[in-house]
Each structure stands twice: as C-alpha cells, then as structure tokens.
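Working notes for the structure below.
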Amino acid sequence: MIVLCLGTRPEIIKMSPIIRALREKGLDYFVLHTGQHYSYNLDKIFFHELEIPTPKYNLNIGSGSHAEEIGKMLISIERVLKKEKPDIVLAGWDTNTGLASTLAASKLHMKIGRIEAGLRSYDRRMPEEINRVLADHISDYLFAPTKGARNNLVKEGIEKNKIFVTGNTIVDAVFQNLEIARRKVNTLNKLNLNPNAYFLATAHREENTDNKERLKGILDGLKLVHYEFNLPIIYPIHPRTKKKINKFGLEIPKGIKLIEPLGFLEFLHLEANAKLVLTDSGGLQEETCILNVPCVTLRNNTERPETIKVGSNILAGTDPHKIRAAAKKSLAAPANWTNPFGKGNAAEKIIDILVK
Ligand code: UD1
Ligand code: UDP
C-alpha cells in the first residue's frame, strides 16, 4: 500500500497525475493531507476539479510558524504511519508538508519515494531550500525531474542507484487538463480579456511577501510593466500576500486587477493565453515553459535553471526597473523553446519504478 502525502495547492495539483496512474493500474493507496492549505480555493477546489478522492486522513494542521507547522505535522503523521504501516510513503516537493512527511517516515524506517528531488536554488534563506535538501538526503527513491536535478544529487553524494530521472508530473497535469480547461472555462470572457492582450502575475514567496521593500518593488515593477505595454495585469492573490499588503499599507497600482485565487482549470486557461507571466512561483516557471508563454521571475535565483537555459524565463529580482526591462526583453524574443520537463508520463514512470 502506498500513502500519498500532500498539503498545499501545488502538491495537490502535481500529485493528481500520480493518483490517476495508481487508479488506472488498480494499485492500493490512500491520501494523507496535512491541512497546511485549507482555504477552499487553495485546497478543496482542486480535489473536485481533478477528481482526487477525499483524503483518508486530514490532519488539519493549518498555518503557523515553520516550527509549529512541521512539529505538529510530525506528531500527527507518525501516528497515521504507525497505524497504517504502508509499504511506501510517497511525498515530495519543497514545502513544510514535504519535509515533515519524509522525516516522519524516515524515523520509522519506512521506504520513501521523493517526487521532484534534486532541485537547488543554493539559497538557504529560502525555507523551501532547507526542506528540499533535508528531504532529499533521507529518501530512498529520488525522482529527479531533469538530468540537472540528478546531477545536483550526485554532487551531494547521494548514491546514483537511488536516483531516477522521470520528468515532472506538472507536465502530465498540464497535458491532462489544458484541453478540458479550453472546453469548460470561460475566464477570459468573465474578466473581459482578449487572448495575448494581458499579463498574469502571482507572488507569494516568504522572502518577497514578508519584506516590505521587496513587496513594494514587485508592485511598482508591475505598474511600470502596465504603463510600458498599456495592458492589464491580472493578479490572483495568495492570502499570504494579501495579508502582508494590508499590514504594510501598500497600494495596488492602477492597471493591476487583484482577483481571488483560481482553480487549476481557470488558472491554466489564463496562463496559456497570457502575453507574459510575472511570478515568484516555482510551478509557474515550469508551466509557462511547457505552455510556451514567456516568464519573468520575481526572484534573484531559481531552482529551475532549465527554464533560463531554454530561454523561457528571465530572472528579474524585485527592482521595478529590472522587472520592466526583463518584460521588454522576454517579449522581444520568440517563444519557440522545447520543454525540458518531460513528455507528460512522469507519474507512470514513478509508479512503475515503485512497483518494481
Ligand atoms: C507554502 C509553501 C511554499 C509554496 C506555497 C504554495 C512552505 C514553507 N511554503 O507557502 O513553498 O510555494 O505553499 O502556495 O511550506 N493561508 C490561508 N489559507 C490557506 C493557507 C494559508 O489564508 O489555506 C495564509 C495564512 O495566513 C498563512 C499564510 O497564508 O499564515 C502562509 O501559509 P503557509 O502554508 O505557511 O505558507 P505558504 O505561503 O502558503
Ligand atoms: N495556481 C492555481 N490558481 C491560482 C494560482 C496558481 O491553480 O490562482 C496553480 C498553478 O497553475 C500551479 C500551482 O498553482 O500549478 C502553483 O502553486 P504556487 O505558485 O502556490 O506554489 P509553488 O509552485 O511556488 O510552490
């Protein structure tokens, strides 16, 4: 029996192809949700849209400091694992949920499959980087999305026979849902937008949202981009960022339309039709690369260097003038790169390896 651990928006989306593959093969599994994300539009909406079964366990951990989230998760996950005694604990990514699931399983000497292993920003100020490094080093089967990720692991001394290059399950999720989104959703009409005539923005990373100067830099940068191109910027805002904008008393510049976070189908549709995406999200750097939409990353580094290499992504940081310059530069180049994250069969590869 396989237990699938998840807890946040991107984990639910990136786990959905694995669930589909397990179902198709008739394998025994259940979902363990930590409850790190719990607002309807960061959580349940994806279970409905992507037809994921209700978790057997929802630990309802909720929000807190890193120690609170991870500490509470560890205690509750251990209880479930001891009771269920799974053959494999499948967890992944770079969240507190990912680290806590892996650590709890490791202390019980259970076998751990780690999805999206080997990504490195080499920036230990990011909570995600600490989570990645620690979780990679205590896992048994490391599913690296690219050769670059595999090389990072090998350089850190992880045995080669533990590492499997599988591609990223986000490619599977995009391919499985893009056409459904095209048929089912009407978001452009709803927002009064024309294809290729708006920008899409998101930002939620701790190092950006919790620093007033950086957060203001992002908003000012978006304002400059709006004035440069005279196009609207649609920004589905993460609750963390909304809270911080209010706390710091920052104003939303004209031309930026804040909306509530969207479901995956609506968001994917908006993303696929955007002229350009500006973001600090990891998943969006991948998705834009898959969708052939240019991306400006509002960070100083990335653990997805493949996107920079193929030319889909430019790092801009949070300086407003650099954000505008990066937007101009990305729109000047043709969007004809090849996606380096796989063919859309990552989930199947991962399951086949685990079954073997
Ligand atoms: C987490 C991950 C981050 C990932 C992101 C995906 C960690 C360390 N961070 O960041 O890597 O990119 O999820 O979106 O695991 N909140 C709500 N409703 C919710 C969840 C959160 O309102 O359902 C608000 C709360 O005010 C909370 C804040 O968002 O304090 C931050 O939530 P948290 O889960 O700690 O981190 P994220 O910023 O969501
Ligand atoms: N996403 C979504 N609705 C939104 C914003 C993002 O469905 O309003 C999806 C997006 O398509 C991607 C994932 O959420 O698959 C990215 O999550 P996020 O940016 O929160 O986290 P990260 O990838 O940075 O860890």
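By order of appearance in the structure tokens: chains A, B, ..., then residues from 1 within every chain, and ligands from 1 in the order shown.
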Exercise for review: Using only C-alpha atoms and all ligand atoms, determine which residues fall within 8 Å of ligand 2, then list them as a PyMOL selection string.
Suggested key: chain A and resi 8-11+13-14+41-42+46+93-95+170+202-205+236-238+260-268+271+280-284+287
Resulting file, chosen residues, C-alpha atoms, as a short mmCIF file (atom, residue, chain, number, x, y, z; two decimals), in the first residue's frame:
data_model
loop_
_atom_site.label_atom_id
_atom_site.label_comp_id
_atom_site.auth_asym_id
_atom_site.auth_seq_id
_atom_site.Cartn_x
_atom_site.Cartn_y
_atom_site.Cartn_z
CA THR A 8 -0.58 22.58 -0.30
CA ARG A 9 -2.02 23.78 -3.60
CA PRO A 10 0.90 22.82 -5.84
CA GLU A 11 1.25 19.41 -4.16
CA ILE A 13 -2.04 19.60 -8.49
CA LYS A 14 1.28 17.77 -9.00
CA ASN A 41 -9.62 27.94 -3.28
CA LEU A 42 -6.20 26.68 -2.16
CA PHE A 46 -8.52 21.05 -6.73
CA TRP A 93 8.45 18.99 -3.32
CA ASP A 94 9.78 21.70 -1.02
CA THR A 95 7.05 22.51 1.46
CA ILE A 170 3.36 19.04 -13.78
CA THR A 202 1.45 35.90 -8.91
CA ALA A 203 3.77 36.33 -5.92
CA HIS A 204 3.67 34.57 -2.57
CA ARG A 205 7.23 33.62 -1.57
CA PRO A 236 -4.88 36.10 -8.43
CA ILE A 237 -3.58 36.89 -4.99
CA HIS A 238 -2.39 34.31 -2.43
CA GLU A 260 -9.16 35.66 -5.65
CA PRO A 261 -7.01 32.56 -6.29
CA LEU A 262 -8.47 30.46 -9.10
CA GLY A 263 -9.00 26.76 -9.63
CA PHE A 264 -6.46 24.93 -11.80
CA LEU A 265 -8.61 24.87 -14.95
CA GLU A 266 -9.33 28.60 -14.86
CA PHE A 267 -5.77 29.43 -13.97
CA LEU A 268 -4.29 27.20 -16.65
CA GLU A 271 -1.84 31.27 -18.14
CA ASP A 280 7.88 34.11 -7.98
CA SER A 281 6.16 30.72 -8.12
CA GLY A 282 8.12 27.57 -8.84
CA GLY A 283 5.25 25.83 -10.56
CA LEU A 284 4.56 28.78 -12.84
CA GLU A 287 4.07 25.68 -16.58
#
Practice item. Report as JSON, numbers by chain: the residues of stretch 112-213 of chain A with a DSSP assignment of strand (DSSP E), based on the backbone of this structure. Key: {"A": [112, 113, 114, 115, 141, 142, 143, 144, 163, 164, 165, 199, 200, 201, 202]}
Review point. What's the 7 Å shell around A:Leu6, counting only C-alpha atoms, without same-chain residues fewer than 2 positions away, as an MDAnalysis selection string?
Key: chainID A and resid 4 8 11:12 32:34 91 97
Exercise for review: Determine the nearest neighbour of A:Glu228 from the options A:Lys257, A:Arg324, A:Lys190, A:Arg182, counting only C-alpha atoms.
Suggested key: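 Nearest to A:Glu228: A:Arg324.
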Exercise for review: Excluding A:Leu219 and residues on its chain fewer than 2 positions from it, collect all residues at most 8 Å away from it, counting only C-alpha atoms, and give them as an NGL selection string.
Suggested key: :A and (215-217 or 221-223 or 252-253 or 320)
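Residues with any atom within 12 Å of A:Leu291, counting only C-alpha atoms and excluding same-chain neighbours fewer than 6 positions away, are Ile170, Val171, Ala173, Val174, Phe175, Leu178, Leu268, His269, Leu270, Glu271, Ala272, Asn273, Ala274, Lys275, Leu276, Val277, Leu284, Gln285, Thr307, Ser312, Ala335, Asn336, Trp337, Thr338, Asn339, Pro340 and Phe341 of chain A.
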Review point. Which neighbours of A:Asp210 fall inside 10 Å, counting only C-alpha atoms, when residues of the same chain fewer than 6 positions from it are skipped, and could you give them as a ChimeraX atom specification?
Key: /A:204,240-241,243-245,247-248
With N, CA and C atoms retained, export the selected residues as a compact mmCIF listing (two decimals), in the first residue's frame.
# COMPACT_ATOMS: atom_id res chain seq x y z
N HIS A 204 4.04 35.00 -3.92
CA HIS A 204 3.67 34.57 -2.57
C HIS A 204 4.86 34.11 -1.74
N ARG A 240 -1.55 34.89 1.77
CA ARG A 240 -0.37 35.38 2.50
C ARG A 240 0.00 36.79 2.03
N THR A 241 -0.02 36.99 0.71
CA THR A 241 0.39 38.27 0.12
C THR A 241 -0.64 39.36 0.44
N LYS A 243 -2.52 39.53 3.03
CA LYS A 243 -2.33 39.91 4.43
C LYS A 243 -1.18 40.91 4.57
N LYS A 244 -0.08 40.64 3.86
CA LYS A 244 1.11 41.48 4.00
C LYS A 244 0.91 42.85 3.34
N ILE A 245 0.21 42.88 2.21
CA ILE A 245 -0.07 44.17 1.55
C ILE A 245 -0.87 45.05 2.51
N LYS A 247 -0.98 44.74 5.83
CA LYS A 247 -0.15 45.04 7.02
C LYS A 247 0.82 46.20 6.73
N PHE A 248 1.45 46.16 5.54
CA PHE A 248 2.44 47.20 5.19
C PHE A 248 1.77 48.46 4.66
Check your understanding: Counting only C-alpha atoms and all ligand atoms, which of A:Thr169, A:Asn208, A:Thr288, A:Gln176 gets nearest to ligand 1?
Key -> A:Asn208
**Study point:** Nearby residues (only C-alpha atoms) at most 10 Å from A:Leu134, same-chain spacing under 3 positions excluded, as a PyMOL selection string
**Key:** chain A and resi 94+99+102-103+129-131+137-139
Practice item. Return as an MDAnalysis selection string the full set of residues in stretch 51-178 of chain A whose backbone-based DSSP assignment is alpha helix (DSSP H). Key: chainID A and resid 66:84 96:107 127:137 147:155 169:178
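Of note, atom 17 (C, counted along the ligand's line) of ligand 1 and atom CA of A:Ala316 are spaced 26.9 Å apart.
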Review point. What gap, in Å, lies between atom CA of A:Leu74 and atom CA of A:Ala104?
Key: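 Those two atoms sit 5.6 Å apart.
The spacing separating atom CA of A:Leu315 from atom CA of A:Cys289 amounts to 13.8 Å.
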